[in-house]
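> One file: model-v2.tsv (TSV, C-alpha atoms).
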```tsv
chain	number	residue	atom	x	y	z
A	23	MET	CA	-43.26	69.18	-69.04
A	24	ASP	CA	-40.08	68.15	-70.79
A	25	GLU	CA	-40.13	64.67	-72.32
A	26	PRO	CA	-37.57	62.27	-70.88
A	27	ILE	CA	-34.48	61.79	-72.94
A	28	VAL	CA	-34.19	58.17	-74.18
A	29	ASP	CA	-30.78	56.79	-74.92
A	30	PRO	CA	-31.01	54.90	-78.26
A	31	GLU	CA	-28.46	52.35	-77.10
A	32	THR	CA	-30.46	51.67	-73.94
A	33	GLU	CA	-33.64	51.35	-75.99
A	34	ARG	CA	-32.03	48.80	-78.31
A	35	LEU	CA	-30.81	46.77	-75.35
A	36	ALA	CA	-34.31	46.82	-73.84
A	37	MET	CA	-35.93	45.68	-77.10
A	38	ALA	CA	-33.46	42.82	-77.73
A	39	PRO	CA	-35.08	40.31	-75.33
A	40	LYS	CA	-38.49	41.00	-76.93
A	41	ARG	CA	-37.09	40.32	-80.40
A	42	ARG	CA	-35.52	37.09	-79.18
A	43	ARG	CA	-38.82	36.00	-77.67
A	44	ARG	CA	-40.64	36.78	-80.91
A	45	SER	CA	-37.98	34.92	-82.89
A	46	ARG	CA	-38.25	31.89	-80.62
A	47	ALA	CA	-42.05	32.01	-80.84
A	48	THR	CA	-41.90	32.14	-84.68
A	49	THR	CA	-39.41	29.26	-84.79
A	50	GLY	CA	-41.55	27.25	-82.40
A	51	LEU	CA	-44.62	27.89	-84.58
A	52	TRP	CA	-42.87	26.61	-87.71
A	53	VAL	CA	-41.54	23.57	-85.84
A	54	ARG	CA	-45.06	22.73	-84.64
A	55	ARG	CA	-46.40	23.16	-88.16
A	56	ALA	CA	-43.67	20.92	-89.56
A	57	VAL	CA	-44.34	18.24	-86.95
A	58	THR	CA	-48.09	18.46	-87.60
A	59	GLY	CA	-47.49	18.15	-91.34
A	60	ALA	CA	-45.24	15.12	-90.84
A	61	ILE	CA	-47.86	13.44	-88.65
A	62	VAL	CA	-50.58	14.09	-91.24
A	63	LEU	CA	-48.39	12.65	-94.03
A	64	ALA	CA	-47.60	9.60	-91.89
A	65	LEU	CA	-51.27	9.00	-91.08
A	66	LEU	CA	-52.50	9.51	-94.65
A	67	PRO	CA	-51.53	6.00	-95.87
A	68	VAL	CA	-53.03	4.51	-92.70
A	69	VAL	CA	-56.37	6.18	-93.37
A	70	LEU	CA	-56.34	5.68	-97.15
A	71	THR	CA	-55.66	1.96	-96.76
A	72	PHE	CA	-58.98	1.57	-94.96
A	73	VAL	CA	-60.70	3.66	-97.64
A	74	TYR	CA	-59.20	1.42	-100.33
A	75	LEU	CA	-60.79	-1.62	-98.71
A	76	LEU	CA	-64.04	-0.51	-100.32
A	77	PRO	CA	-64.40	-2.32	-103.66
A	78	PHE	CA	-66.04	0.67	-105.37
A	79	VAL	CA	-63.02	2.90	-104.61
A	80	HIS	CA	-60.54	2.97	-107.48
A	81	PRO	CA	-57.17	4.22	-106.18
A	82	VAL	CA	-54.66	6.10	-108.32
A	83	SER	CA	-50.90	5.95	-108.06
A	84	THR	CA	-48.46	8.76	-107.35
A	85	LEU	CA	-47.16	8.38	-110.92
A	86	MET	CA	-50.66	8.93	-112.24
A	87	LEU	CA	-50.98	12.05	-110.10
A	88	LYS	CA	-47.63	13.25	-111.48
A	89	ASP	CA	-48.88	12.73	-115.04
A	90	LEU	CA	-51.94	14.83	-114.21
A	91	ALA	CA	-49.84	17.53	-112.55
A	92	THR	CA	-47.56	17.77	-115.60
A	93	PHE	CA	-50.54	17.77	-118.00
A	94	SER	CA	-49.25	14.66	-119.78
A	95	GLY	CA	-52.34	12.63	-118.90
A	96	TYR	CA	-52.65	8.88	-118.75
A	97	ASP	CA	-54.78	5.93	-119.83
A	98	ARG	CA	-56.28	3.77	-117.05
A	99	ARG	CA	-59.50	1.76	-117.15
A	100	TRP	CA	-60.33	0.10	-113.85
A	101	VAL	CA	-61.45	-3.51	-114.10
A	102	PRO	CA	-62.41	-5.79	-111.17
A	103	LEU	CA	-60.25	-8.84	-110.51
A	104	GLU	CA	-62.99	-11.25	-111.60
A	105	ASP	CA	-62.93	-9.63	-115.06
A	106	ILE	CA	-59.20	-10.26	-115.48
A	107	THR	CA	-58.17	-13.62	-116.88
A	108	PRO	CA	-56.71	-15.63	-113.96
A	109	VAL	CA	-53.60	-16.55	-115.91
A	110	LEU	CA	-52.55	-12.88	-115.86
A	111	ALA	CA	-52.55	-12.71	-112.06
A	112	HIS	CA	-50.82	-16.11	-111.91
A	113	SER	CA	-48.14	-14.92	-114.33
A	114	VAL	CA	-47.56	-11.73	-112.32
A	115	ILE	CA	-47.20	-13.72	-109.09
A	116	MET	CA	-44.72	-16.16	-110.65
A	117	SER	CA	-42.76	-13.29	-112.18
A	118	GLU	CA	-42.85	-10.71	-109.40
A	119	ASP	CA	-43.55	-12.42	-106.07
A	120	GLY	CA	-43.70	-16.21	-105.94
A	121	GLN	CA	-44.44	-16.23	-102.20
A	122	PHE	CA	-47.27	-13.68	-102.47
A	123	CYS	CA	-49.86	-16.00	-100.93
A	124	GLY	CA	-47.56	-17.10	-98.10
A	125	HIS	CA	-45.86	-13.99	-96.76
A	126	HIS	CA	-47.23	-11.02	-94.83
A	127	GLY	CA	-46.07	-8.13	-96.98
A	128	ILE	CA	-42.35	-8.93	-96.93
A	129	ASP	CA	-40.59	-12.03	-98.24
A	130	LEU	CA	-38.12	-12.50	-95.39
A	131	GLY	CA	-36.16	-15.17	-97.24
A	132	GLU	CA	-35.53	-12.94	-100.25
A	133	LEU	CA	-34.79	-9.97	-98.01
A	134	LYS	CA	-32.16	-11.96	-96.12
A	135	VAL	CA	-30.47	-12.91	-99.39
A	136	VAL	CA	-30.36	-9.26	-100.46
A	137	LEU	CA	-28.93	-8.15	-97.10
A	138	ASP	CA	-26.31	-10.92	-97.17
A	139	ASP	CA	-25.26	-9.91	-100.70
A	140	ALA	CA	-25.07	-6.24	-99.68
A	141	LEU	CA	-22.93	-7.02	-96.62
A	142	ALA	CA	-20.65	-9.16	-98.78
A	143	GLY	CA	-20.21	-6.29	-101.22
A	144	GLU	CA	-21.93	-8.16	-104.03
A	145	ALA	CA	-24.50	-6.81	-106.46
A	146	THR	CA	-27.99	-7.02	-104.99
A	147	ARG	CA	-31.18	-8.06	-106.72
A	148	GLY	CA	-34.63	-6.72	-106.05
A	149	ALA	CA	-36.65	-8.23	-103.20
A	150	SER	CA	-39.82	-6.19	-103.62
A	151	THR	CA	-43.05	-8.07	-103.04
A	152	ILE	CA	-46.38	-7.20	-104.64
A	153	PRO	CA	-47.57	-5.47	-101.42
A	154	MET	CA	-44.31	-3.48	-101.35
A	155	GLN	CA	-44.75	-2.42	-104.96
A	156	THR	CA	-48.39	-1.57	-104.34
A	157	VAL	CA	-47.69	0.76	-101.39
A	158	LYS	CA	-44.82	2.31	-103.31
A	159	ASN	CA	-47.15	3.04	-106.23
A	160	LEU	CA	-49.92	4.32	-103.96
A	161	TYR	CA	-48.04	6.35	-101.38
A	162	LEU	CA	-44.35	6.79	-102.24
A	163	TRP	CA	-42.10	7.56	-105.18
A	164	ASN	CA	-39.96	5.74	-107.74
A	165	GLY	CA	-36.19	5.43	-107.71
A	166	ARG	CA	-33.66	3.78	-105.45
A	167	SER	CA	-33.70	5.35	-102.01
A	168	VAL	CA	-32.88	4.04	-98.55
A	169	VAL	CA	-35.47	6.44	-97.11
A	170	ARG	CA	-38.18	5.17	-99.46
A	171	LYS	CA	-37.34	1.55	-98.69
A	172	ALA	CA	-37.43	2.26	-94.95
A	173	LEU	CA	-40.95	3.65	-95.38
A	174	GLU	CA	-42.01	0.95	-97.80
A	175	LEU	CA	-41.31	-2.05	-95.53
A	176	PRO	CA	-43.62	-1.21	-92.59
A	177	LEU	CA	-46.27	0.12	-94.97
A	178	ALA	CA	-46.24	-3.19	-96.88
A	179	VAL	CA	-46.70	-5.18	-93.66
A	180	TYR	CA	-49.55	-2.92	-92.56
A	181	PHE	CA	-51.16	-3.03	-96.00
A	182	ASP	CA	-50.99	-6.82	-96.09
A	183	ILE	CA	-52.53	-7.10	-92.62
A	184	VAL	CA	-55.44	-4.81	-93.42
A	185	MET	CA	-56.09	-5.71	-97.05
A	186	PRO	CA	-57.19	-9.15	-98.30
A	187	LYS	CA	-54.85	-10.69	-100.87
A	188	TRP	CA	-57.39	-10.53	-103.69
A	189	ARG	CA	-57.86	-6.79	-103.15
A	190	ILE	CA	-54.10	-6.19	-103.05
A	191	MET	CA	-53.80	-7.95	-106.39
A	192	GLU	CA	-56.78	-6.07	-107.83
A	193	ILE	CA	-55.33	-2.70	-106.85
A	194	TYR	CA	-51.83	-3.62	-108.04
A	195	LEU	CA	-53.01	-4.78	-111.46
A	196	ASN	CA	-55.03	-1.59	-111.87
A	197	ILE	CA	-52.32	0.91	-110.90
A	198	ALA	CA	-49.14	-0.73	-112.21
A	199	GLU	CA	-47.50	1.02	-115.16
A	200	TRP	CA	-47.36	-1.19	-118.27
A	201	ALA	CA	-46.09	1.42	-120.73
A	202	PRO	CA	-45.37	5.14	-120.51
A	203	ASN	CA	-48.62	6.80	-119.34
A	204	VAL	CA	-50.48	3.47	-119.55
A	205	TYR	CA	-51.69	2.15	-116.19
A	206	GLY	CA	-53.75	-0.86	-115.24
A	207	ILE	CA	-54.10	-4.19	-117.02
A	208	GLU	CA	-57.19	-3.27	-119.03
A	209	ALA	CA	-55.52	-0.26	-120.66
A	210	ALA	CA	-52.34	-2.34	-121.09
A	211	ALA	CA	-54.13	-5.23	-122.79
A	212	GLN	CA	-55.87	-2.82	-125.14
A	213	HIS	CA	-52.70	-0.82	-125.79
A	214	HIS	CA	-50.37	-3.74	-126.49
A	215	PHE	CA	-52.66	-6.47	-127.90
A	216	GLY	CA	-56.00	-4.84	-128.74
A	217	VAL	CA	-57.98	-7.14	-126.44
A	218	SER	CA	-59.58	-6.80	-123.02
A	219	ALA	CA	-57.96	-8.09	-119.83
A	220	SER	CA	-60.42	-10.99	-119.79
A	221	GLU	CA	-59.29	-12.16	-123.26
A	222	LEU	CA	-55.53	-12.30	-122.77
A	223	THR	CA	-53.87	-15.55	-123.79
A	224	PRO	CA	-51.33	-17.26	-121.50
A	225	ARG	CA	-48.54	-16.07	-123.80
A	226	GLN	CA	-49.76	-12.46	-123.75
A	227	ALA	CA	-50.18	-12.62	-119.97
A	228	ALA	CA	-46.61	-13.83	-119.55
A	229	LEU	CA	-45.25	-11.12	-121.84
A	230	LEU	CA	-47.12	-8.45	-119.89
A	231	ALA	CA	-45.90	-9.85	-116.56
A	232	VAL	CA	-42.22	-9.71	-117.55
A	233	THR	CA	-42.71	-6.14	-118.80
A	234	LEU	CA	-43.50	-4.83	-115.29
A	235	PRO	CA	-39.91	-4.35	-114.03
A	236	ASN	CA	-39.15	-1.90	-116.84
A	237	PRO	CA	-42.23	-0.83	-118.83
A	238	ALA	CA	-40.39	2.09	-120.41
A	239	ALA	CA	-37.85	-0.20	-122.11
A	240	ARG	CA	-39.80	-3.44	-122.59
A	241	ASP	CA	-42.53	-3.84	-125.19
A	242	PRO	CA	-44.59	-7.04	-124.80
A	243	ALA	CA	-46.10	-6.59	-128.26
A	244	ARG	CA	-42.64	-6.55	-129.87
A	245	PRO	CA	-40.42	-8.58	-127.54
A	246	GLY	CA	-36.77	-9.22	-128.19
A	247	PRO	CA	-35.16	-12.65	-127.82
A	248	GLY	CA	-34.38	-12.12	-124.12
A	249	LEU	CA	-37.91	-11.04	-123.26
A	250	LYS	CA	-39.32	-13.99	-125.22
A	251	ARG	CA	-37.19	-16.46	-123.25
A	252	LEU	CA	-38.18	-14.86	-119.96
A	253	ALA	CA	-41.86	-14.92	-120.93
A	254	SER	CA	-41.61	-18.62	-121.84
A	255	THR	CA	-40.23	-19.38	-118.38
A	256	ILE	CA	-43.04	-17.43	-116.67
A	257	GLN	CA	-45.66	-19.05	-118.89
A	258	ARG	CA	-44.48	-22.52	-117.82
A	259	ARG	CA	-44.43	-21.50	-114.15
A	260	ALA	CA	-47.90	-19.96	-114.34
A	261	ALA	CA	-49.29	-23.15	-115.83
A	262	LYS	CA	-47.98	-25.08	-112.81
A	263	SER	CA	-48.52	-22.37	-110.17
A	264	GLY	CA	-51.01	-24.43	-108.14
A	265	GLY	CA	-50.61	-23.63	-104.43
A	266	TYR	CA	-48.62	-20.48	-105.15
A	267	VAL	CA	-51.83	-18.73	-106.24
A	268	ARG	CA	-54.28	-20.39	-103.84
A	269	CYS	CA	-55.11	-17.07	-102.07
A	270	LEU	CA	-56.77	-15.78	-105.25
A	271	GLU	CA	-59.07	-18.77	-105.70
```
Let me see the file written as structure tokens.

Amino acid sequence: MDEPIVDPETERLAMAPKRRRRSRATTGLWVRRAVTGAIVLALLPVVLTFVYLLPFVHPVSTLMLKDLATFSGYDRRWVPLEDITPVLAHSVIMSEDGQFCGHHGIDLGELKVVLDDALAGEATRGASTIPMQTVKNLYLWNGRSVVRKALELPLAVYFDIVMPKWRIMEIYLNIAEWAPNVYGIEAAAQHHFGVSASELTPRQAALLAVTLPNPAARDPARPGPGLKRLASTIQRRAAKSGGYVRCLE
């Protein structure tokens, strides 16, 4: 029996709908995978925050992970909050986030000032709280970014709701960068002053606190005149911090 003659053009036309269906199916698969990946990434900080409630868990920052990934390594020695001289935490609060004990992750007063300055076309100052800096270090990335800030704000509120203030401070002091590839206050105290975090003097604590905004450029062991003046201001404020640090007592 003779085989039927198939017109190539007709065959191509018949196969076209099948190809389109396969293409749509493949696109739909990748969209579902992308959505699933986005949901997992969004839920990861939610889950990890509960894990980090456990005192024996010692979180690492995204910068520390980057140092590992680039084989540059880092120095970090976890130390519990009770083994850190209180004046260090007081100095950090007075330098970085004076309303730490009173707000719920975001300092609305400072944020309003920043927004007003931005709308007026004036230079803006930072309004990051300690919870905001902690979630940035734990879950996000460095650098100025509207996207990062939009993620940082709700994460900071959530983090502050879930996590007690003392644990927020403990995590922050143990993951903050104090010099290139030096993380955590114990490694910082050893690196800059050759003492443990429990032995820091009020002056050393103030110098370390004012180093935090720019640890790559500021050296607390060899401060310039500007850093010395700033440290003196923070040292005076820490000595009179009183109710500003009540949540750590």
> Considering all atoms listed in the file, can you say which of A:Val101, A:Ala172, A:Leu160, A:Ala91 comes closest to Phe78 in chain A?
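Closest residue, counting all atoms listed in the file: A:Val101.
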> Work out how far CA of Ile256 in chain A is from CA of Glu118 in chain A, in Å to one decimal.
9.9 Å
> Choose the residue, out of A:Arg98, A:Lys158, A:His112, A:Lys262, that has the smallest atom-to-atom separation from Leu230 in chain A; count all atoms listed in the file.
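Closest to Leu230 in chain A of all the choices is A:His112.
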> Taking (-56.1, 8.0, -102.1) in the coordinates of the supplied file, I want to know which residues reach to within 12 Å of it, counting only C-alpha atoms; could you give the answer as a list in words?
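Taken together, the residues in range are Leu66, Pro67, Val68, Val69, Leu70, Thr71, Phe72, Val73, Tyr74, Leu75, Leu76, Val79, His80, Pro81, Val82, Ser83, Thr84, Met86, Leu87, Val157, Asn159, Leu160, Tyr161, Leu162, Ile193 and Ile197 of chain A.
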> Calculated over only C-alpha atoms, which of the candidates A:Glu192, A:Asp97, A:Glu104, A:Glu271 has the smallest distance to Ala211 in chain A?
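Closest candidate: A:Asp97.
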> Just give me the gap between CA of Thr151 in chain A and CA of Asp241 in chain A in Å, one decimal is fine.
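Value for the CA of Thr151 in chain A-CA of Asp241 in chain A distance: 22.6 Å.
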> How many Å lie between CA of Glu174 in chain A and CA of Thr92 in chain A, rounded to one decimal?
25.1 Å
> Do a neighbour search on Ser263 in chain A at 9 Å with only C-alpha atoms, toss out local chain neighbours closer than 2 positions, and write the hits as a ChimeraX atom specification.
/A:112-113,115-116,120,258-261,265-268
> Restricting the calculation to only C-alpha atoms: of A:His126, A:Arg244, A:Arg166, A:Lys134, which residue gets closest to Phe181 in chain A?
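Nearest candidate to Phe181 in chain A out of A:His126, A:Arg244, A:Arg166, A:Lys134: A:His126.
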> If you count all atoms listed in the file, which residues fall within 7 Å of Ala231 in chain A, apart from same-chain ones fewer than 4 positions away, as a list of chain:residue names?
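That gives A:Ser113, A:Val114, A:Ser117, A:Ala227.
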> Any chance you could turn range 76-108 of chain A into a file with N, CA, C and O atoms, as an mmCIF file, in the first residue's frame?

```cif
data_model
loop_
_atom_site.group_PDB
_atom_site.id
_atom_site.type_symbol
_atom_site.label_atom_id
_atom_site.label_comp_id
_atom_site.auth_asym_id
_atom_site.auth_seq_id
_atom_site.Cartn_x
_atom_site.Cartn_y
_atom_site.Cartn_z
ATOM 1 N N LEU A 76 17.236 31.198 70.067
ATOM 2 C CA LEU A 76 17.934 30.244 70.928
ATOM 3 C C LEU A 76 19.314 30.780 71.297
ATOM 4 O O LEU A 76 20.133 31.063 70.408
ATOM 5 N N PRO A 77 19.604 30.945 72.566
ATOM 6 C CA PRO A 77 20.873 31.563 72.979
ATOM 7 C C PRO A 77 22.119 30.826 72.502
ATOM 8 O O PRO A 77 23.174 31.447 72.337
ATOM 9 N N PHE A 78 22.016 29.497 72.303
ATOM 10 C CA PHE A 78 23.204 28.750 71.885
ATOM 11 C C PHE A 78 23.461 28.835 70.377
ATOM 12 O O PHE A 78 24.468 28.324 69.886
ATOM 13 N N VAL A 79 22.561 29.476 69.629
ATOM 14 C CA VAL A 79 22.758 29.674 68.191
ATOM 15 C C VAL A 79 23.543 30.965 67.981
ATOM 16 O O VAL A 79 23.181 32.020 68.510
ATOM 17 N N HIS A 80 24.603 30.880 67.214
ATOM 18 C CA HIS A 80 25.473 32.027 66.970
ATOM 19 C C HIS A 80 25.376 32.429 65.498
ATOM 20 O O HIS A 80 26.100 31.880 64.649
ATOM 21 N N PRO A 81 24.504 33.363 65.159
ATOM 22 C CA PRO A 81 24.296 33.726 63.755
ATOM 23 C C PRO A 81 25.547 34.335 63.115
ATOM 24 O O PRO A 81 26.414 34.889 63.802
ATOM 25 N N VAL A 82 25.606 34.238 61.801
ATOM 26 C CA VAL A 82 26.648 34.906 61.024
ATOM 27 C C VAL A 82 25.981 35.897 60.083
ATOM 28 O O VAL A 82 24.803 35.777 59.766
ATOM 29 N N SER A 83 26.724 36.879 59.667
ATOM 30 C CA SER A 83 26.186 37.914 58.780
ATOM 31 C C SER A 83 26.422 37.545 57.322
ATOM 32 O O SER A 83 27.221 36.662 57.001
ATOM 33 N N THR A 84 25.736 38.256 56.438
ATOM 34 C CA THR A 84 25.940 38.036 55.009
ATOM 35 C C THR A 84 27.350 38.448 54.585
ATOM 36 O O THR A 84 27.924 37.852 53.668
ATOM 37 N N LEU A 85 27.920 39.450 55.262
ATOM 38 C CA LEU A 85 29.299 39.841 54.957
ATOM 39 C C LEU A 85 30.285 38.746 55.349
ATOM 40 O O LEU A 85 31.269 38.497 54.648
ATOM 41 N N MET A 86 30.006 38.087 56.447
ATOM 42 C CA MET A 86 30.859 36.969 56.857
ATOM 43 C C MET A 86 30.770 35.829 55.859
ATOM 44 O O MET A 86 31.785 35.196 55.513
ATOM 45 N N LEU A 87 29.564 35.563 55.373
ATOM 46 C CA LEU A 87 29.390 34.523 54.354
ATOM 47 C C LEU A 87 30.122 34.907 53.071
ATOM 48 O O LEU A 87 30.717 34.048 52.410
ATOM 49 N N LYS A 88 30.101 36.197 52.729
ATOM 50 C CA LYS A 88 30.821 36.654 51.532
ATOM 51 C C LYS A 88 32.325 36.447 51.698
ATOM 52 O O LYS A 88 33.016 36.005 50.771
ATOM 53 N N ASP A 89 32.839 36.738 52.899
ATOM 54 C CA ASP A 89 34.265 36.530 53.157
ATOM 55 C C ASP A 89 34.635 35.058 53.019
ATOM 56 O O ASP A 89 35.719 34.723 52.518
ATOM 57 N N LEU A 90 33.739 34.172 53.472
ATOM 58 C CA LEU A 90 33.996 32.745 53.309
ATOM 59 C C LEU A 90 33.961 32.349 51.840
ATOM 60 O O LEU A 90 34.802 31.575 51.369
ATOM 61 N N ALA A 91 32.961 32.881 51.114
ATOM 62 C CA ALA A 91 32.804 32.521 49.705
ATOM 63 C C ALA A 91 33.979 32.997 48.861
ATOM 64 O O ALA A 91 34.331 32.362 47.858
ATOM 65 N N THR A 92 34.601 34.108 49.249
ATOM 66 C CA THR A 92 35.735 34.644 48.498
ATOM 67 C C THR A 92 37.084 34.191 49.071
ATOM 68 O O THR A 92 38.131 34.684 48.650
ATOM 69 N N PHE A 93 37.022 33.261 50.035
ATOM 70 C CA PHE A 93 38.224 32.675 50.637
ATOM 71 C C PHE A 93 39.104 33.703 51.344
ATOM 72 O O PHE A 93 40.304 33.492 51.498
ATOM 73 N N SER A 94 38.515 34.835 51.759
ATOM 74 C CA SER A 94 39.300 35.826 52.489
ATOM 75 C C SER A 94 39.264 35.582 53.986
ATOM 76 O O SER A 94 40.131 36.067 54.722
ATOM 77 N N GLY A 95 38.268 34.822 54.444
ATOM 78 C CA GLY A 95 38.185 34.472 55.856
ATOM 79 C C GLY A 95 37.838 35.660 56.733
ATOM 80 O O GLY A 95 37.775 36.801 56.274
ATOM 81 N N TYR A 96 37.620 35.377 58.009
ATOM 82 C CA TYR A 96 37.310 36.453 58.946
ATOM 83 C C TYR A 96 37.637 36.004 60.360
ATOM 84 O O TYR A 96 37.820 34.814 60.637
ATOM 85 N N ASP A 97 37.680 36.982 61.267
ATOM 86 C CA ASP A 97 37.895 36.714 62.688
ATOM 87 C C ASP A 97 36.619 37.105 63.428
ATOM 88 O O ASP A 97 36.200 38.254 63.388
ATOM 89 N N ARG A 98 35.995 36.123 64.102
ATOM 90 C CA ARG A 98 34.814 36.389 64.936
ATOM 91 C C ARG A 98 34.827 35.405 66.096
ATOM 92 O O ARG A 98 34.944 34.208 65.904
ATOM 93 N N ARG A 99 34.689 35.924 67.302
ATOM 94 C CA ARG A 99 34.665 35.079 68.497
ATOM 95 C C ARG A 99 33.412 35.455 69.280
ATOM 96 O O ARG A 99 33.360 36.520 69.888
ATOM 97 N N TRP A 100 32.420 34.605 69.224
ATOM 98 C CA TRP A 100 31.144 34.905 69.882
ATOM 99 C C TRP A 100 31.333 35.027 71.394
ATOM 100 O O TRP A 100 32.040 34.232 72.015
ATOM 101 N N VAL A 101 30.680 36.035 71.968
ATOM 102 C CA VAL A 101 30.728 36.221 73.411
ATOM 103 C C VAL A 101 29.330 36.626 73.874
ATOM 104 O O VAL A 101 28.688 37.464 73.248
ATOM 105 N N PRO A 102 28.796 36.000 74.935
ATOM 106 C CA PRO A 102 27.465 36.374 75.403
ATOM 107 C C PRO A 102 27.444 37.798 75.946
ATOM 108 O O PRO A 102 28.475 38.339 76.362
ATOM 109 N N LEU A 103 26.250 38.396 75.956
ATOM 110 C CA LEU A 103 26.116 39.796 76.357
ATOM 111 C C LEU A 103 26.621 40.037 77.772
ATOM 112 O O LEU A 103 27.229 41.076 78.057
ATOM 113 N N GLU A 104 26.402 39.062 78.670
ATOM 114 C CA GLU A 104 26.841 39.252 80.056
ATOM 115 C C GLU A 104 28.358 39.278 80.196
ATOM 116 O O GLU A 104 28.888 39.714 81.229
ATOM 117 N N ASP A 105 29.077 38.832 79.165
ATOM 118 C CA ASP A 105 30.540 38.868 79.199
ATOM 119 C C ASP A 105 31.111 40.063 78.439
ATOM 120 O O ASP A 105 32.317 40.116 78.179
ATOM 121 N N ILE A 106 30.239 41.000 78.086
ATOM 122 C CA ILE A 106 30.658 42.245 77.434
ATOM 123 C C ILE A 106 30.467 43.369 78.449
ATOM 124 O O ILE A 106 29.407 43.472 79.081
ATOM 125 N N THR A 107 31.469 44.193 78.631
ATOM 126 C CA THR A 107 31.328 45.284 79.590
ATOM 127 C C THR A 107 30.114 46.138 79.232
ATOM 128 O O THR A 107 29.936 46.522 78.063
ATOM 129 N N PRO A 108 29.234 46.433 80.197
ATOM 130 C CA PRO A 108 28.009 47.174 79.885
ATOM 131 C C PRO A 108 28.242 48.516 79.199
ATOM 132 O O PRO A 108 27.429 48.942 78.373
#
```
